[in-house]
Amino acid sequence: MTTSAAAFEIRWEKLPDDFVLDDEPVDNINQPLLAAALTESLELAGRLTSTTLTPTNYGICATLNGRIVVKVPDWAFIPTIRVAREEVKRSYTPQLQGDIPSLVIEFLSDSEGGEYSSKPTYPPGKWFFYEQILQVPNYAIFEPDSGTLEVYQLDDSKQYQLRAPDENNRYRISSLDLWLGVWQGNRESRTGYWLRWWDARGTLLPWGKELAEQERQRAEQERQRAEQERQRAERLAAQLRAAGIEPDA
């Protein structure tokens, strides 16, 4: 699907401080919600460290034949950065500042922003940039309205191949040892399809509101058990008194 990156001299250089980044808004209101949901469950599950980046609508940079290229995935997972977080506040240059992203995700929208573009000439398309320049191992494209998820994996020839899901319609992301899949439900007043994480046991990584509901249910179960124990103790005391035995206080 793509042409080799051999035509480019690739350098990993910090974005100049005076470089003007594109300030166009995200394609639609759902994209920040979808991205935040992915990050929140990872954070609550203890899967993020102080050197992990999970950027949203954030520039990832490379210099090709002396010209800067900045691509902005809707969500990415960067396992480790090797600089202070202040240094990557505006943008991120792999190799120079830390790891190559192990996963990038694009959310398709009505104004389809070139997620499938394999254009190899400057400025290259997103597909070409992720596959041939960055060589990101996993590339996912999600269509929120239909719930369609495509996951591509870099093969030995450095080409993306469409992966087949497992029996649960999920995809293992080895760098996280988690499975990525589609879930349908409600969050933040949006009812529809979401991307979610599952662990090796098939347990869904919860969001904060779900953890709170689990805790509420646990507390309610404890209250019910305590009430049942109180009632049992009262019945036993009544039986003892009926038999002429005064129960101990």
# chains A, B, ... in the order shown; residues from 1 in each chain; ligands from 1

$ closest_atom_pairs --of "segment 96-133 of chain A" --to "segment 49-62 of chain A" --cutoff "12 Å" --atoms "only C-alpha atoms" --output "Markdown table"
| residue | atom | partner | partner_atom | distance |
| --- | --- | --- | --- | --- |
| A:Leu96 | CA | A:Ala62 | CA | 9.8 |
| A:Gln97 | CA | A:Cys61 | CA | 10.6 |
| A:Gly98 | CA | A:Thr51 | CA | 9.2 |
| A:Asp99 | CA | A:Thr52 | CA | 9.6 |
| A:Ile100 | CA | A:Ile60 | CA | 9.7 |
| A:Pro101 | CA | A:Leu53 | CA | 8.9 |
| A:Ser102 | CA | A:Thr54 | CA | 10.6 |
| A:Leu103 | CA | A:Thr54 | CA | 9.7 |
| A:Val104 | CA | A:Thr54 | CA | 9.6 |
| A:Ile105 | CA | A:Thr56 | CA | 9.6 |
| A:Glu106 | CA | A:Asn57 | CA | 9.6 |
| A:Phe107 | CA | A:Asn57 | CA | 10.6 |
| A:Pro123 | CA | A:Ala62 | CA | 11.2 |
| A:Pro124 | CA | A:Ala62 | CA | 11.2 |
| A:Lys126 | CA | A:Ile60 | CA | 11.0 |
| A:Phe129 | CA | A:Ala62 | CA | 9.1 |
| A:Tyr130 | CA | A:Ile60 | CA | 9.9 |
| A:Gln132 | CA | A:Ala62 | CA | 11.7 |
| A:Ile133 | CA | A:Ala62 | CA | 8.0 |

$ select_by_dssp --residues "segment 87-195 of chain A" --states "helix (DSSP H, G or I)" --output "PyMOL selection string"
chain A and resi 87-88+126-134

$ write_last_selection --atoms "N, CA and C atoms" --output "PDB file, in the first residue's frame"
ATOM      1  N   GLU A  87       9.604  19.554  28.593  1.00  0.00           N
ATOM      2  CA  GLU A  87      10.235  19.618  27.274  1.00  0.00           C
ATOM      3  C   GLU A  87       9.337  19.085  26.161  1.00  0.00           C
ATOM      4  N   VAL A  88       8.304  18.354  26.523  1.00  0.00           N
ATOM      5  CA  VAL A  88       7.404  17.807  25.501  1.00  0.00           C
ATOM      6  C   VAL A  88       6.005  18.407  25.656  1.00  0.00           C
ATOM      7  N   LYS A 126      -0.632  10.439   6.724  1.00  0.00           N
ATOM      8  CA  LYS A 126      -0.514   9.851   8.065  1.00  0.00           C
ATOM      9  C   LYS A 126      -0.088   8.389   8.013  1.00  0.00           C
ATOM     10  N   TRP A 127      -0.741   7.615   7.122  1.00  0.00           N
ATOM     11  CA  TRP A 127      -0.402   6.192   7.035  1.00  0.00           C
ATOM     12  C   TRP A 127       1.084   6.018   6.745  1.00  0.00           C
ATOM     13  N   PHE A 128       1.571   6.726   5.746  1.00  0.00           N
ATOM     14  CA  PHE A 128       2.982   6.634   5.383  1.00  0.00           C
ATOM     15  C   PHE A 128       3.868   7.068   6.545  1.00  0.00           C
ATOM     16  N   PHE A 129       3.505   8.137   7.211  1.00  0.00           N
ATOM     17  CA  PHE A 129       4.319   8.659   8.314  1.00  0.00           C
ATOM     18  C   PHE A 129       4.400   7.660   9.459  1.00  0.00           C
ATOM     19  N   TYR A 130       3.259   7.098   9.856  1.00  0.00           N
ATOM     20  CA  TYR A 130       3.263   6.142  10.967  1.00  0.00           C
ATOM     21  C   TYR A 130       3.970   4.842  10.591  1.00  0.00           C
ATOM     22  N   GLU A 131       3.740   4.374   9.355  1.00  0.00           N
ATOM     23  CA  GLU A 131       4.278   3.079   8.937  1.00  0.00           C
ATOM     24  C   GLU A 131       5.755   3.148   8.568  1.00  0.00           C
ATOM     25  N   GLN A 132       6.107   4.098   7.708  1.00  0.00           N
ATOM     26  CA  GLN A 132       7.440   4.107   7.129  1.00  0.00           C
ATOM     27  C   GLN A 132       8.427   5.007   7.871  1.00  0.00           C
ATOM     28  N   ILE A 133       7.956   6.118   8.430  1.00  0.00           N
ATOM     29  CA  ILE A 133       8.872   7.039   9.102  1.00  0.00           C
ATOM     30  C   ILE A 133       9.014   6.677  10.579  1.00  0.00           C
ATOM     31  N   LEU A 134       7.907   6.686  11.298  1.00  0.00           N
ATOM     32  CA  LEU A 134       7.967   6.342  12.723  1.00  0.00           C
ATOM     33  C   LEU A 134       8.064   4.842  12.960  1.00  0.00           C
TER      34      LEU A 134
END

$ closest_atom_pairs --of "segment 32-124 of chain A" --to "segment 211-231 of chain A" --cutoff "12 Å" --atoms "only C-alpha atoms" --output "tab-separated table"
residue	atom	partner	partner_atom	distance
A:Glu40	CA	A:Leu211	CA	11.5
A:Ser41	CA	A:Leu211	CA	9.9
A:Leu44	CA	A:Leu211	CA	9.0
A:Ala45	CA	A:Leu211	CA	10.5

$ write_last_selection --atoms "N, CA and C atoms" --output "mmCIF file, in the first residue's frame"
data_model
loop_
_atom_site.group_PDB
_atom_site.id
_atom_site.type_symbol
_atom_site.label_atom_id
_atom_site.label_comp_id
_atom_site.auth_asym_id
_atom_site.auth_seq_id
_atom_site.Cartn_x
_atom_site.Cartn_y
_atom_site.Cartn_z
ATOM 1 N N GLU A 40 -8.143 7.339 30.936
ATOM 2 C CA GLU A 40 -8.614 7.259 32.326
ATOM 3 C C GLU A 40 -8.535 5.837 32.868
ATOM 4 N N SER A 41 -8.988 4.864 32.086
ATOM 5 C CA SER A 41 -8.990 3.495 32.603
ATOM 6 C C SER A 41 -7.572 2.959 32.769
ATOM 7 N N LEU A 44 -6.282 4.569 36.089
ATOM 8 C CA LEU A 44 -6.896 3.972 37.279
ATOM 9 C C LEU A 44 -6.404 2.555 37.519
ATOM 10 N N ALA A 45 -6.000 1.869 36.434
ATOM 11 C CA ALA A 45 -5.495 0.499 36.564
ATOM 12 C C ALA A 45 -4.002 0.467 36.883
#

$ residues_around --residues "Arg201 of chain A" --least-positions-apart "3" --cutoff "10 Å" --atoms "only C-alpha atoms" --output "JSON, numbers by chain"
{"A": [178, 198, 204]}

$ write_last_selection --atoms "N, CA and C atoms" --output "mmCIF file, in the first residue's frame"
data_model
loop_
_atom_site.group_PDB
_atom_site.id
_atom_site.type_symbol
_atom_site.label_atom_id
_atom_site.label_comp_id
_atom_site.auth_asym_id
_atom_site.auth_seq_id
_atom_site.Cartn_x
_atom_site.Cartn_y
_atom_site.Cartn_z
ATOM 1 N N LEU A 178 -2.607 -5.702 27.099
ATOM 2 C CA LEU A 178 -4.040 -5.473 27.223
ATOM 3 C C LEU A 178 -4.696 -5.698 25.865
ATOM 4 N N TRP A 198 -9.342 -4.382 28.002
ATOM 5 C CA TRP A 198 -9.582 -5.584 28.796
ATOM 6 C C TRP A 198 -8.240 -6.211 29.150
ATOM 7 N N LEU A 204 -12.860 -6.089 32.124
ATOM 8 C CA LEU A 204 -12.889 -4.735 31.587
ATOM 9 C C LEU A 204 -12.229 -3.767 32.565
#

$ closest_residue --among "A:Thr80, A:Gln184, A:Asn65, A:Ser174" --to "Ala7 of chain A" --atoms "only C-alpha atoms"
A:Asn65

$ select_by_dssp --residues "segment 9-127 of chain A" --states "strand (DSSP E or B)" --output "PyMOL selection string"
chain A and resi 10-11+53+59-64+67-71+75-78+81+91-92+98+103-107

$ atom_distance --atom1 "atom CA of Tyr171 of chain A" --atom2 "atom CA of Leu42 of chain A"
16.0 Å

$ atom_distance --atom1 "atom CA of Pro165 of chain A" --atom2 "atom CA of Arg187 of chain A"
24.8 Å

$ atom_distance --atom1 "atom CA of Trp179 of chain A" --atom2 "atom CA of Asn28 of chain A"
26.1 Å

$ residues_around --residues "Gln161 of chain A" --least-positions-apart "2" --cutoff "12 Å" --atoms "only C-alpha atoms" --output "ChimeraX atom specification"
/A:1-2,127,131,137-140,150-159,163-164

$ closest_residue --among "A:Asp22, A:Phe77, A:Tyr193, A:Leu176" --to "Thr39 of chain A" --atoms "only C-alpha atoms"
A:Phe77

$ closest_residue --among "A:Pro94, A:Pro73, A:Gly181, A:Pro16" --to "Leu205 of chain A" --atoms "only C-alpha atoms"
A:Gly181

$ closest_residue --among "A:Ile81, A:Ala5, A:Leu195, A:Leu180" --to "Asp166 of chain A" --atoms "only C-alpha atoms"
A:Leu180

$ closest_residue --among "A:Glu115, A:Glu86, A:Asp248, A:Glu43" --to "Lys71 of chain A" --atoms "only C-alpha atoms"
A:Glu115

$ residues_around --residues "Leu21 of chain A" --least-positions-apart "4" --cutoff "9 Å" --atoms "only C-alpha atoms" --output "PDB file with N, CA and C atoms, in the first residue's frame"
ATOM      1  N   GLY A  59       1.160  17.004  18.525  1.00  0.00           N
ATOM      2  CA  GLY A  59       2.091  16.845  17.428  1.00  0.00           C
ATOM      3  C   GLY A  59       3.233  15.892  17.705  1.00  0.00           C
ATOM      4  N   VAL A  70       4.963  17.365  11.080  1.00  0.00           N
ATOM      5  CA  VAL A  70       4.244  17.170  12.337  1.00  0.00           C
ATOM      6  C   VAL A  70       2.917  16.494  12.012  1.00  0.00           C
ATOM      7  N   ARG A  90       4.734  21.007  24.070  1.00  0.00           N
ATOM      8  CA  ARG A  90       4.144  21.421  22.790  1.00  0.00           C
ATOM      9  C   ARG A  90       4.102  20.291  21.760  1.00  0.00           C
ATOM     10  N   SER A  91       5.117  19.438  21.783  1.00  0.00           N
ATOM     11  CA  SER A  91       5.242  18.409  20.762  1.00  0.00           C
ATOM     12  C   SER A  91       6.222  17.349  21.251  1.00  0.00           C
TER      13      SER A  91
END
